[in-house]
Every structure is written in C-alpha cells, then in structure tokens.
Amino acid sequence: MRAVALAVAIAAIGDTHGLRPAFRCALDPTAYESMPAPGPNDWLANHPEPGQTFDQFVRSNPNRPTAQRHTIYLQPLGQFDLTLVKEWTEAFFMMPVTVRPPLDFGSAHITSRKNPYGGQQQLLTTDILALLQKQLPADAYCMLGITMIDLYPDPAWNFVFGQAALRERVGVYSFARYEGDPRRSCKVLAHETSHMFGIEHCIYFRCVLNGSNHLAESDARPMHLCPVDLRKLQWSVGFDVMERYRRLSSVAKKAGFRDEAEWYGLQVQRCGKS
Ligand SMILES: [Zn+2]
Ligand SMILES: [Zn+2]
C-alpha cells in the first residue's frame, strides 16, 4: 500500500472556483500534511478503503441539518462533566449542542455483562442505540450517547469503542479506554459526529477522519479536518470557515491543546485577510 498521490488528493477536493477567497485559501492542499503509507497494523493496511471525494459526498445525498433538525444532543450515561466536549463540538460543527441530563441506565433495561477476559462491566451498544432512538428530540440533528463504561456490540465480541446507526441519527461511544484524556474524547466526538453527516473515512491527508485500528494510530491523527472533509462539512452546515477556525483556536487554547490552538491560529493568519 502506497501513499496517496497529491494529484489524487487535489482531485478529491474538487473544483474550488467560485468559492470565497478565504475559503479557497483554507482548502489549499499544500498547507496540509499528506497521508503517509500505512504501517502493517494500521487501518488502511487492513481496511483498504477507496476514499470519498467531495463530489462523491455531494452525490450521496447525505443527511444535512435543517431549520427543524439543527441541534446536536449529547446524552451522558452516568454522571461526568462534558463542558469541554460540548464547547469543542459546538465550535467544530458550528451548530448548537445540548447536553441532556444524565441517563440512569440502571433503570433503563440495558443489557450488561462482565467482560469474559478482563471482568470489567460492559454495556450492550444495540440496547443503548434503541433507547436513544426512542428519545430522539424533534429538533435533533443527531444524538450521541457517551459513557465511561466499556461497550460491546455482540456477545461474540471482546469490546467496541462505539457504534452508530447513521440513518437513525444516533450513536454511542465509550471514553473508558481513553483514560480521561480530554484530547482523545474531543477527537473521537469530532470523528464520530462527522460520520453522522455522511462523511466517510479519509485517505487523502492526515485528518481527524482517518480510520484507526489502534489507540496509537488514533493518537497520531490530528484534531482537524483536511481540505476534502472541511469542504464537505462546510457544504452541510454552511458556516464561515474563518469564524470556525477562530472559535476552535480559542476553545483549543482554553483546553490546553497547544498544537491545535497554534494550527488554527496559523490558518487564520494565513487566510483570514484573503
Ligand atoms: Zn470512523
Ligand atoms: Zn480528511
């Protein structure tokens, strides 16, 4: 498996003529890191995905926020603080985010087990997805369940980081294996919520939408979108790209994500006056 050629990555961004100058500047492929060839245990070596160009994305007729369905809901399963994750998600998607009161999953009839190897408590994802679907608010674009407890999708599996029902616009994700690292939590929310917009895994650049096979690979991917996926999300939501970068820079600074704060700041410096 070889690295993706720059010409292929540029073609995936599509024709940018007619876009506003600052947006075109933000999409300049030379400002982004190209995707290196995968190592033997990495995602792309084991899941040879074809990639999804901007044009293919538009033609797939994906879900988009509407005047009726415009809010991203976060549903904690249990008691924990989602203030930072909420702020990050709001800035990343430029959409309102509402954190729902914690769900008492003890009384919610969610199947659980003790993991056959490690003995830790695990919740069955399909039960949670069914419950979220029943509780989906009328103005929800999507609802994401979040838990600090480990998950499993099926008795035959050891564990799963999360699972989504994209058509039903619900997903559930566990932060149990992220050891309370807020950067990992914010990154996983950005990645998984992007899937809710019909954005598939990225093979073109180093990008928060890169697939990942193991924790080291997810830690290595950046927190930001590449130009192909930035263009997709902007097409869906319609935000001002520089305003989004300014907000993300300030949330990243506040959260202590220094590299990302700097990266977003640089993009504003580079393109904000275009
Ligand atoms: Zn994914
Ligand atoms: Zn990408």
# chains A, B, ... in the order shown; residues from 1 in each chain; ligands from 1
call {"tool": "residues_near_ligand", "arguments": {"ligand": "ligand 2", "cutoff": "7 Å", "atoms": "only C-alpha atoms and all ligand atoms", "output": "ChimeraX atom specification"}}
result
/A:202-210,225-229
call {"tool": "select_by_dssp", "arguments": {"residues": "stretch 35-132 of chain A", "states": "strand (DSSP E)", "output": "PDB file with all heavy atoms, in the first residue's frame"}}
result
ATOM      1  N   THR A  71     -29.935  20.629  16.067  1.00  0.00           N
ATOM      2  CA  THR A  71     -29.166  20.579  17.313  1.00  0.00           C
ATOM      3  C   THR A  71     -28.504  19.212  17.494  1.00  0.00           C
ATOM      4  O   THR A  71     -29.125  18.188  17.217  1.00  0.00           O
ATOM      5  CB  THR A  71     -30.092  20.893  18.513  1.00  0.00           C
ATOM      6  OG1 THR A  71     -30.581  22.225  18.366  1.00  0.00           O
ATOM      7  CG2 THR A  71     -29.361  20.778  19.847  1.00  0.00           C
ATOM      8  N   ILE A  72     -27.259  19.243  17.933  1.00  0.00           N
ATOM      9  CA  ILE A  72     -26.552  18.007  18.283  1.00  0.00           C
ATOM     10  C   ILE A  72     -26.778  17.763  19.772  1.00  0.00           C
ATOM     11  O   ILE A  72     -26.488  18.637  20.591  1.00  0.00           O
ATOM     12  CB  ILE A  72     -25.046  18.128  17.979  1.00  0.00           C
ATOM     13  CG1 ILE A  72     -24.820  18.324  16.473  1.00  0.00           C
ATOM     14  CG2 ILE A  72     -24.281  16.911  18.492  1.00  0.00           C
ATOM     15  CD1 ILE A  72     -23.379  18.688  16.106  1.00  0.00           C
ATOM     16  N   TYR A  73     -27.319  16.612  20.111  1.00  0.00           N
ATOM     17  CA  TYR A  73     -27.542  16.271  21.514  1.00  0.00           C
ATOM     18  C   TYR A  73     -26.474  15.311  22.004  1.00  0.00           C
ATOM     19  O   TYR A  73     -26.137  14.343  21.311  1.00  0.00           O
ATOM     20  CB  TYR A  73     -28.925  15.628  21.696  1.00  0.00           C
ATOM     21  CG  TYR A  73     -30.040  16.642  21.695  1.00  0.00           C
ATOM     22  CD1 TYR A  73     -30.634  17.054  20.507  1.00  0.00           C
ATOM     23  CD2 TYR A  73     -30.482  17.208  22.889  1.00  0.00           C
ATOM     24  CE1 TYR A  73     -31.643  18.005  20.497  1.00  0.00           C
ATOM     25  CE2 TYR A  73     -31.493  18.162  22.890  1.00  0.00           C
ATOM     26  CZ  TYR A  73     -32.065  18.555  21.692  1.00  0.00           C
ATOM     27  OH  TYR A  73     -33.065  19.500  21.694  1.00  0.00           O
ATOM     28  N   LEU A  74     -25.955  15.609  23.194  1.00  0.00           N
ATOM     29  CA  LEU A  74     -25.050  14.678  23.871  1.00  0.00           C
ATOM     30  C   LEU A  74     -25.815  14.094  25.054  1.00  0.00           C
ATOM     31  O   LEU A  74     -26.380  14.836  25.865  1.00  0.00           O
ATOM     32  CB  LEU A  74     -23.782  15.391  24.356  1.00  0.00           C
ATOM     33  CG  LEU A  74     -22.960  16.118  23.294  1.00  0.00           C
ATOM     34  CD1 LEU A  74     -21.734  16.781  23.926  1.00  0.00           C
ATOM     35  CD2 LEU A  74     -22.529  15.169  22.174  1.00  0.00           C
ATOM     36  N   GLN A  75     -25.847  12.788  25.121  1.00  0.00           N
ATOM     37  CA  GLN A  75     -26.573  12.103  26.192  1.00  0.00           C
ATOM     38  C   GLN A  75     -25.591  11.323  27.063  1.00  0.00           C
ATOM     39  O   GLN A  75     -25.171  10.221  26.696  1.00  0.00           O
ATOM     40  CB  GLN A  75     -27.620  11.148  25.594  1.00  0.00           C
ATOM     41  CG  GLN A  75     -28.317  10.265  26.620  1.00  0.00           C
ATOM     42  CD  GLN A  75     -29.125  11.054  27.630  1.00  0.00           C
ATOM     43  OE1 GLN A  75     -30.168  11.616  27.303  1.00  0.00           O
ATOM     44  NE2 GLN A  75     -28.644  11.131  28.877  1.00  0.00           N
ATOM     45  N   PRO A  76     -25.191  11.914  28.228  1.00  0.00           N
ATOM     46  CA  PRO A  76     -24.312  11.140  29.103  1.00  0.00           C
ATOM     47  C   PRO A  76     -25.052   9.960  29.737  1.00  0.00           C
ATOM     48  O   PRO A  76     -26.199  10.118  30.165  1.00  0.00           O
ATOM     49  CB  PRO A  76     -23.854  12.150  30.159  1.00  0.00           C
ATOM     50  CG  PRO A  76     -24.798  13.285  30.078  1.00  0.00           C
ATOM     51  CD  PRO A  76     -25.483  13.259  28.741  1.00  0.00           C
ATOM     52  N   LEU A  77     -24.404   8.815  29.772  1.00  0.00           N
ATOM     53  CA  LEU A  77     -24.919   7.666  30.507  1.00  0.00           C
ATOM     54  C   LEU A  77     -24.095   7.576  31.776  1.00  0.00           C
ATOM     55  O   LEU A  77     -22.988   7.054  31.769  1.00  0.00           O
ATOM     56  CB  LEU A  77     -24.782   6.375  29.688  1.00  0.00           C
ATOM     57  CG  LEU A  77     -25.779   6.202  28.527  1.00  0.00           C
ATOM     58  CD1 LEU A  77     -25.301   6.920  27.282  1.00  0.00           C
ATOM     59  CD2 LEU A  77     -25.998   4.740  28.222  1.00  0.00           C
ATOM     60  N   VAL A  97     -25.223  22.716  20.545  1.00  0.00           N
ATOM     61  CA  VAL A  97     -25.047  21.408  21.186  1.00  0.00           C
ATOM     62  C   VAL A  97     -25.724  21.462  22.551  1.00  0.00           C
ATOM     63  O   VAL A  97     -25.504  22.397  23.318  1.00  0.00           O
ATOM     64  CB  VAL A  97     -23.553  21.062  21.352  1.00  0.00           C
ATOM     65  CG1 VAL A  97     -23.379  19.774  22.149  1.00  0.00           C
ATOM     66  CG2 VAL A  97     -22.877  20.946  19.987  1.00  0.00           C
ATOM     67  N   THR A  98     -26.566  20.510  22.835  1.00  0.00           N
ATOM     68  CA  THR A  98     -27.252  20.437  24.125  1.00  0.00           C
ATOM     69  C   THR A  98     -26.832  19.165  24.850  1.00  0.00           C
ATOM     70  O   THR A  98     -26.871  18.082  24.266  1.00  0.00           O
ATOM     71  CB  THR A  98     -28.793  20.414  23.923  1.00  0.00           C
ATOM     72  OG1 THR A  98     -29.174  21.626  23.262  1.00  0.00           O
ATOM     73  CG2 THR A  98     -29.526  20.309  25.241  1.00  0.00           C
ATOM     74  N   VAL A  99     -26.401  19.329  26.106  1.00  0.00           N
ATOM     75  CA  VAL A  99     -26.091  18.161  26.932  1.00  0.00           C
ATOM     76  C   VAL A  99     -27.339  17.799  27.717  1.00  0.00           C
ATOM     77  O   VAL A  99     -27.872  18.627  28.456  1.00  0.00           O
ATOM     78  CB  VAL A  99     -24.907  18.440  27.886  1.00  0.00           C
ATOM     79  CG1 VAL A  99     -24.617  17.215  28.753  1.00  0.00           C
ATOM     80  CG2 VAL A  99     -23.668  18.840  27.110  1.00  0.00           C
ATOM     81  N   SER A 112     -26.125  -5.746  30.274  1.00  0.00           N
ATOM     82  CA  SER A 112     -24.708  -5.576  30.587  1.00  0.00           C
ATOM     83  C   SER A 112     -24.101  -6.935  30.911  1.00  0.00           C
ATOM     84  O   SER A 112     -24.805  -7.918  31.092  1.00  0.00           O
ATOM     85  CB  SER A 112     -24.527  -4.592  31.745  1.00  0.00           C
ATOM     86  OG  SER A 112     -24.945  -5.181  32.955  1.00  0.00           O
ATOM     87  N   ARG A 113     -22.782  -6.978  30.934  1.00  0.00           N
ATOM     88  CA  ARG A 113     -22.089  -8.224  31.280  1.00  0.00           C
ATOM     89  C   ARG A 113     -20.754  -7.881  31.933  1.00  0.00           C
ATOM     90  O   ARG A 113     -20.325  -6.721  31.921  1.00  0.00           O
ATOM     91  CB  ARG A 113     -21.844  -9.065  30.015  1.00  0.00           C
ATOM     92  CG  ARG A 113     -20.763  -8.484  29.122  1.00  0.00           C
ATOM     93  CD  ARG A 113     -20.332  -9.419  27.988  1.00  0.00           C
ATOM     94  NE  ARG A 113     -19.227  -8.826  27.239  1.00  0.00           N
ATOM     95  CZ  ARG A 113     -18.712  -9.348  26.121  1.00  0.00           C
ATOM     96  NH1 ARG A 113     -19.246 -10.448  25.596  1.00  0.00           N
ATOM     97  NH2 ARG A 113     -17.694  -8.773  25.507  1.00  0.00           N
ATOM     98  N   LYS A 114     -20.107  -8.898  32.470  1.00  0.00           N
ATOM     99  CA  LYS A 114     -18.705  -8.749  32.868  1.00  0.00           C
ATOM    100  C   LYS A 114     -17.872  -9.314  31.725  1.00  0.00           C
ATOM    101  O   LYS A 114     -18.130 -10.411  31.249  1.00  0.00           O
ATOM    102  CB  LYS A 114     -18.427  -9.522  34.161  1.00  0.00           C
ATOM    103  CG  LYS A 114     -19.070  -8.886  35.380  1.00  0.00           C
ATOM    104  CD  LYS A 114     -18.195  -9.078  36.628  1.00  0.00           C
ATOM    105  CE  LYS A 114     -18.804  -8.454  37.870  1.00  0.00           C
ATOM    106  NZ  LYS A 114     -19.147  -7.020  37.730  1.00  0.00           N
ATOM    107  N   GLN A 121     -17.150  -4.242  33.769  1.00  0.00           N
ATOM    108  CA  GLN A 121     -18.545  -4.113  33.344  1.00  0.00           C
ATOM    109  C   GLN A 121     -18.594  -3.580  31.915  1.00  0.00           C
ATOM    110  O   GLN A 121     -17.811  -2.686  31.543  1.00  0.00           O
ATOM    111  CB  GLN A 121     -19.299  -3.171  34.282  1.00  0.00           C
ATOM    112  CG  GLN A 121     -20.799  -3.236  34.057  1.00  0.00           C
ATOM    113  CD  GLN A 121     -21.547  -2.067  34.696  1.00  0.00           C
ATOM    114  OE1 GLN A 121     -20.950  -1.166  35.283  1.00  0.00           O
ATOM    115  NE2 GLN A 121     -22.864  -2.095  34.572  1.00  0.00           N
ATOM    116  N   GLN A 122     -19.504  -4.107  31.103  1.00  0.00           N
ATOM    117  CA  GLN A 122     -19.691  -3.636  29.728  1.00  0.00           C
ATOM    118  C   GLN A 122     -21.181  -3.529  29.415  1.00  0.00           C
ATOM    119  O   GLN A 122     -21.978  -4.349  29.874  1.00  0.00           O
ATOM    120  CB  GLN A 122     -19.042  -4.619  28.742  1.00  0.00           C
ATOM    121  CG  GLN A 122     -17.531  -4.701  28.844  1.00  0.00           C
ATOM    122  CD  GLN A 122     -16.935  -5.618  27.793  1.00  0.00           C
ATOM    123  OE1 GLN A 122     -17.348  -6.768  27.672  1.00  0.00           O
ATOM    124  NE2 GLN A 122     -15.986  -5.112  27.030  1.00  0.00           N
ATOM    125  N   LEU A 123     -21.537  -2.525  28.627  1.00  0.00           N
ATOM    126  CA  LEU A 123     -22.932  -2.320  28.223  1.00  0.00           C
ATOM    127  C   LEU A 123     -23.100  -2.705  26.761  1.00  0.00           C
ATOM    128  O   LEU A 123     -22.206  -2.485  25.936  1.00  0.00           O
ATOM    129  CB  LEU A 123     -23.333  -0.849  28.405  1.00  0.00           C
ATOM    130  CG  LEU A 123     -23.159  -0.245  29.797  1.00  0.00           C
ATOM    131  CD1 LEU A 123     -23.477   1.249  29.765  1.00  0.00           C
ATOM    132  CD2 LEU A 123     -24.047  -0.962  30.815  1.00  0.00           C
ATOM    133  N   LEU A 124     -24.268  -3.227  26.444  1.00  0.00           N
ATOM    134  CA  LEU A 124     -24.562  -3.676  25.074  1.00  0.00           C
ATOM    135  C   LEU A 124     -25.004  -2.484  24.220  1.00  0.00           C
ATOM    136  O   LEU A 124     -26.024  -1.840  24.512  1.00  0.00           O
ATOM    137  CB  LEU A 124     -25.649  -4.750  25.114  1.00  0.00           C
ATOM    138  CG  LEU A 124     -26.033  -5.394  23.782  1.00  0.00           C
ATOM    139  CD1 LEU A 124     -24.863  -6.166  23.174  1.00  0.00           C
ATOM    140  CD2 LEU A 124     -27.230  -6.333  23.974  1.00  0.00           C
TER     141      LEU A 124
END
call {"tool": "residues_near_ligand", "arguments": {"ligand": "ligand 1", "cutoff": "8 Å", "atoms": "only C-alpha atoms and all ligand atoms", "output": "list in words"}}
result
His191, Glu192, His195, Glu200, His201, Leu209, Asn210, Gly211 and Ser212 of chain A
call {"tool": "residues_around", "arguments": {"residues": "A:Asn158", "least_positions_apart": "6", "cutoff": "9 Å", "atoms": "only C-alpha atoms", "output": "count of residues only"}}
result
5
call {"tool": "select_by_dssp", "arguments": {"residues": "stretch 32-174 of chain A", "states": "helix (DSSP H, G or I)", "output": "PyMOL selection string"}}
result
chain A and resi 43-46+54-59+83-93+125-134
call {"tool": "write_last_selection", "arguments": {"atoms": "N, CA, C and O atoms", "output": "tab-separated table (two decimals), in the first residue's frame"}}
result
chain	number	residue	atom	x	y	z
A	43	TRP	N	-4.80	1.12	9.99
A	43	TRP	CA	-6.14	0.94	9.45
A	43	TRP	C	-6.14	0.62	7.95
A	43	TRP	O	-6.72	-0.36	7.50
A	44	LEU	N	-5.46	1.47	7.17
A	44	LEU	CA	-5.57	1.34	5.71
A	44	LEU	C	-4.89	0.08	5.17
A	44	LEU	O	-5.24	-0.40	4.09
A	45	ALA	N	-3.94	-0.49	5.93
A	45	ALA	CA	-3.32	-1.74	5.51
A	45	ALA	C	-4.30	-2.90	5.69
A	45	ALA	O	-4.18	-3.93	5.02
A	46	ASN	N	-5.26	-2.73	6.59
A	46	ASN	CA	-6.21	-3.81	6.90
A	46	ASN	C	-7.62	-3.55	6.38
A	46	ASN	O	-8.43	-4.46	6.28
A	54	PHE	N	-15.08	14.96	-2.48
A	54	PHE	CA	-16.15	15.93	-2.20
A	54	PHE	C	-17.34	15.71	-3.14
A	54	PHE	O	-18.49	15.69	-2.71
A	55	ASP	N	-17.07	15.50	-4.41
A	55	ASP	CA	-18.17	15.31	-5.38
A	55	ASP	C	-18.96	14.04	-5.08
A	55	ASP	O	-20.20	14.05	-5.17
A	56	GLN	N	-18.28	12.96	-4.73
A	56	GLN	CA	-18.98	11.72	-4.36
A	56	GLN	C	-19.86	11.95	-3.13
A	56	GLN	O	-20.98	11.44	-3.05
A	57	PHE	N	-19.32	12.71	-2.18
A	57	PHE	CA	-20.08	13.02	-0.97
A	57	PHE	C	-21.38	13.74	-1.32
A	57	PHE	O	-22.46	13.35	-0.87
A	58	VAL	N	-21.30	14.77	-2.15
A	58	VAL	CA	-22.49	15.54	-2.51
A	58	VAL	C	-23.50	14.65	-3.24
A	58	VAL	O	-24.70	14.69	-2.96
A	59	ARG	N	-22.98	13.82	-4.14
A	59	ARG	CA	-23.88	12.93	-4.90
A	59	ARG	C	-24.54	11.86	-4.02
A	59	ARG	O	-25.56	11.32	-4.40
A	83	THR	N	-18.49	19.63	29.80
A	83	THR	CA	-18.40	21.04	29.42
A	83	THR	C	-17.45	21.26	28.25
A	83	THR	O	-17.80	21.90	27.26
A	84	LEU	N	-16.24	20.71	28.34
A	84	LEU	CA	-15.25	20.92	27.29
A	84	LEU	C	-15.68	20.24	25.98
A	84	LEU	O	-15.60	20.83	24.90
A	85	VAL	N	-16.15	19.00	26.10
A	85	VAL	CA	-16.58	18.26	24.90
A	85	VAL	C	-17.72	19.01	24.20
A	85	VAL	O	-17.74	19.09	22.97
A	86	LYS	N	-18.62	19.59	24.98
A	86	LYS	CA	-19.73	20.37	24.40
A	86	LYS	C	-19.19	21.59	23.64
A	86	LYS	O	-19.57	21.85	22.50
A	87	GLU	N	-18.27	22.33	24.28
A	87	GLU	CA	-17.72	23.54	23.64
A	87	GLU	C	-16.96	23.19	22.37
A	87	GLU	O	-17.04	23.89	21.36
A	88	TRP	N	-16.21	22.10	22.44
A	88	TRP	CA	-15.43	21.67	21.28
A	88	TRP	C	-16.35	21.28	20.13
A	88	TRP	O	-16.15	21.68	18.97
A	89	THR	N	-17.39	20.50	20.45
A	89	THR	CA	-18.31	20.02	19.42
A	89	THR	C	-19.06	21.19	18.78
A	89	THR	O	-19.26	21.24	17.57
A	90	GLU	N	-19.44	22.17	19.63
A	90	GLU	CA	-20.12	23.37	19.12
A	90	GLU	C	-19.25	24.13	18.13
A	90	GLU	O	-19.72	24.55	17.06
A	91	ALA	N	-17.98	24.30	18.48
A	91	ALA	CA	-17.07	25.05	17.60
A	91	ALA	C	-16.73	24.24	16.36
A	91	ALA	O	-16.60	24.79	15.27
A	92	PHE	N	-16.59	22.94	16.52
A	92	PHE	CA	-16.19	22.09	15.40
A	92	PHE	C	-17.28	22.05	14.33
A	92	PHE	O	-17.00	22.11	13.14
A	93	PHE	N	-18.54	21.94	14.76
A	93	PHE	CA	-19.64	21.80	13.81
A	93	PHE	C	-20.40	23.10	13.59
A	93	PHE	O	-21.25	23.17	12.71
A	125	THR	N	-24.24	-2.20	23.17
A	125	THR	CA	-24.49	-0.99	22.36
A	125	THR	C	-25.89	-0.98	21.73
A	125	THR	O	-26.52	0.07	21.67
A	126	THR	N	-26.34	-2.14	21.24
A	126	THR	CA	-27.61	-2.16	20.49
A	126	THR	C	-28.78	-1.74	21.38
A	126	THR	O	-29.72	-1.08	20.91
A	127	ASP	N	-28.73	-2.10	22.67
A	127	ASP	CA	-29.78	-1.67	23.60
A	127	ASP	C	-29.75	-0.15	23.77
A	127	ASP	O	-30.79	0.51	23.84
A	128	ILE	N	-28.55	0.39	23.87
A	128	ILE	CA	-28.43	1.85	24.07
A	128	ILE	C	-28.92	2.58	22.81
A	128	ILE	O	-29.66	3.57	22.91
A	129	LEU	N	-28.55	2.10	21.64
A	129	LEU	CA	-28.98	2.75	20.39
A	129	LEU	C	-30.50	2.75	20.28
A	129	LEU	O	-31.10	3.75	19.88
A	130	ALA	N	-31.13	1.63	20.65
A	130	ALA	CA	-32.59	1.55	20.58
A	130	ALA	C	-33.23	2.57	21.52
A	130	ALA	O	-34.21	3.24	21.17
A	131	LEU	N	-32.64	2.71	22.71
A	131	LEU	CA	-33.15	3.66	23.70
A	131	LEU	C	-32.99	5.11	23.22
A	131	LEU	O	-33.92	5.92	23.31
A	132	LEU	N	-31.83	5.42	22.66
A	132	LEU	CA	-31.58	6.79	22.17
A	132	LEU	C	-32.55	7.13	21.04
A	132	LEU	O	-33.06	8.24	20.96
A	133	GLN	N	-32.78	6.15	20.19
A	133	GLN	CA	-33.67	6.37	19.05
A	133	GLN	C	-35.08	6.73	19.52
A	133	GLN	O	-35.72	7.61	18.97
A	134	LYS	N	-35.53	6.06	20.60
A	134	LYS	CA	-36.86	6.34	21.16
A	134	LYS	C	-36.93	7.73	21.74
A	134	LYS	O	-37.98	8.35	21.77
call {"tool": "closest_residue", "arguments": {"among": "A:Asn213, A:Gln79, A:Gln135, A:Thr16", "to": "A:Asn41", "atoms": "only C-alpha atoms"}}
result
A:Asn213
call {"tool": "residues_around", "arguments": {"residues": "A:Lys253", "least_positions_apart": "5", "cutoff": "10 Å", "atoms": "only C-alpha atoms", "output": "PyMOL selection string"}}
result
chain A and resi 247-248+258-262+264-265
call {"tool": "residues_around", "arguments": {"residues": "stretch 233-239 of chain A", "least_positions_apart": "4", "cutoff": "7 Å", "atoms": "only C-alpha atoms", "output": "list in words"}}
result
Arg64, Pro65, Met94 and Asp229 of chain A
call {"tool": "write_last_selection", "arguments": {"atoms": "N, CA and C atoms", "output": "JSON list (two decimals), in the first residue's frame"}}
result
[["chain", "number", "residue", "atom", "x", "y", "z"],
["A", 64, "ARG", "N", -28.49, 16.38, 6.09],
["A", 64, "ARG", "CA", -27.98, 17.72, 6.40],
["A", 64, "ARG", "C", -28.86, 18.34, 7.48],
["A", 65, "PRO", "N", -28.29, 19.24, 8.30],
["A", 65, "PRO", "CA", -29.14, 19.94, 9.27],
["A", 65, "PRO", "C", -30.19, 20.77, 8.52],
["A", 94, "MET", "N", -20.12, 24.11, 14.41],
["A", 94, "MET", "CA", -20.80, 25.40, 14.32],
["A", 94, "MET", "C", -22.32, 25.19, 14.37],
["A", 229, "ASP", "N", -12.47, 17.14, 3.65],
["A", 229, "ASP", "CA", -13.55, 16.96, 4.62],
["A", 229, "ASP", "C", -14.05, 18.28, 5.19]]
call {"tool": "atom_distance", "arguments": {"atom1": "atom CA of A:Asp139", "atom2": "atom CA of A:Asn61"}}
result
20.4 Å
call {"tool": "residues_around", "arguments": {"residues": "A:Val268", "least_positions_apart": "5", "cutoff": "10 Å", "atoms": "only C-alpha atoms", "output": "PyMOL selection string"}}
result
chain A and resi 22+25-26+241-246+249+262-263+273-274
call {"tool": "atom_distance", "arguments": {"atom1": "atom CA of A:Ala190", "atom2": "atom CA of A:Asp15"}}
result
25.5 Å
call {"tool": "closest_residue", "arguments": {"among": "A:Pro62, A:Gly162, A:Pro155, A:Pro50", "to": "A:Ile199", "atoms": "only C-alpha atoms"}}
result
A:Pro62
call {"tool": "closest_residue", "arguments": {"among": "A:Arg177, A:Ser250, A:Ala164, A:Ala7", "to": "A:Thr193", "atoms": "only C-alpha atoms"}}
result
A:Ala164
call {"tool": "atom_distance", "arguments": {"atom1": "atom CA of A:Gly106", "atom2": "atom CA of A:Ile149"}}
result
12.5 Å
call {"tool": "closest_residue", "arguments": {"among": "A:Gly118, A:Ala5, A:Phe161, A:Gly145", "to": "A:His214", "atoms": "only C-alpha atoms"}}
result
A:Phe161
call {"tool": "decode", "arguments": {"residues": "stretch 2-26 of chain A", "atoms": "C-alpha atoms", "output": "mmCIF file, in the first residue's frame"}}
result
data_model
loop_
_atom_site.group_PDB
_atom_site.id
_atom_site.type_symbol
_atom_site.label_atom_id
_atom_site.label_comp_id
_atom_site.auth_asym_id
_atom_site.auth_seq_id
_atom_site.Cartn_x
_atom_site.Cartn_y
_atom_site.Cartn_z
ATOM 1 C CA ARG A 2 1.493 3.327 -1.087
ATOM 2 C CA ALA A 3 0.862 6.887 -0.010
ATOM 3 C CA VAL A 4 -1.905 8.743 -1.840
ATOM 4 C CA ALA A 5 -0.537 10.940 -4.636
ATOM 5 C CA LEU A 6 -1.055 14.682 -4.192
ATOM 6 C CA ALA A 7 -2.874 14.863 -7.552
ATOM 7 C CA VAL A 8 -5.460 12.360 -6.276
ATOM 8 C CA ALA A 9 -5.896 14.343 -3.064
ATOM 9 C CA ILE A 10 -6.286 17.595 -5.017
ATOM 10 C CA ALA A 11 -8.905 15.998 -7.277
ATOM 11 C CA ALA A 12 -10.800 14.858 -4.163
ATOM 12 C CA ILE A 13 -11.169 18.493 -3.009
ATOM 13 C CA GLY A 14 -12.900 19.272 -6.316
ATOM 14 C CA ASP A 15 -13.217 22.499 -8.264
ATOM 15 C CA THR A 16 -12.891 25.411 -5.845
ATOM 16 C CA HIS A 17 -13.500 28.213 -8.380
ATOM 17 C CA GLY A 18 -16.351 30.380 -7.246
ATOM 18 C CA LEU A 19 -15.699 29.834 -3.533
ATOM 19 C CA ARG A 20 -14.846 32.847 -1.365
ATOM 20 C CA PRO A 21 -11.114 33.699 -1.273
ATOM 21 C CA ALA A 22 -10.635 32.868 2.436
ATOM 22 C CA PHE A 23 -12.354 29.518 1.945
ATOM 23 C CA ARG A 24 -10.246 28.719 -1.129
ATOM 24 C CA CYS A 25 -7.148 29.630 0.835
ATOM 25 C CA ALA A 26 -8.242 27.275 3.663
#
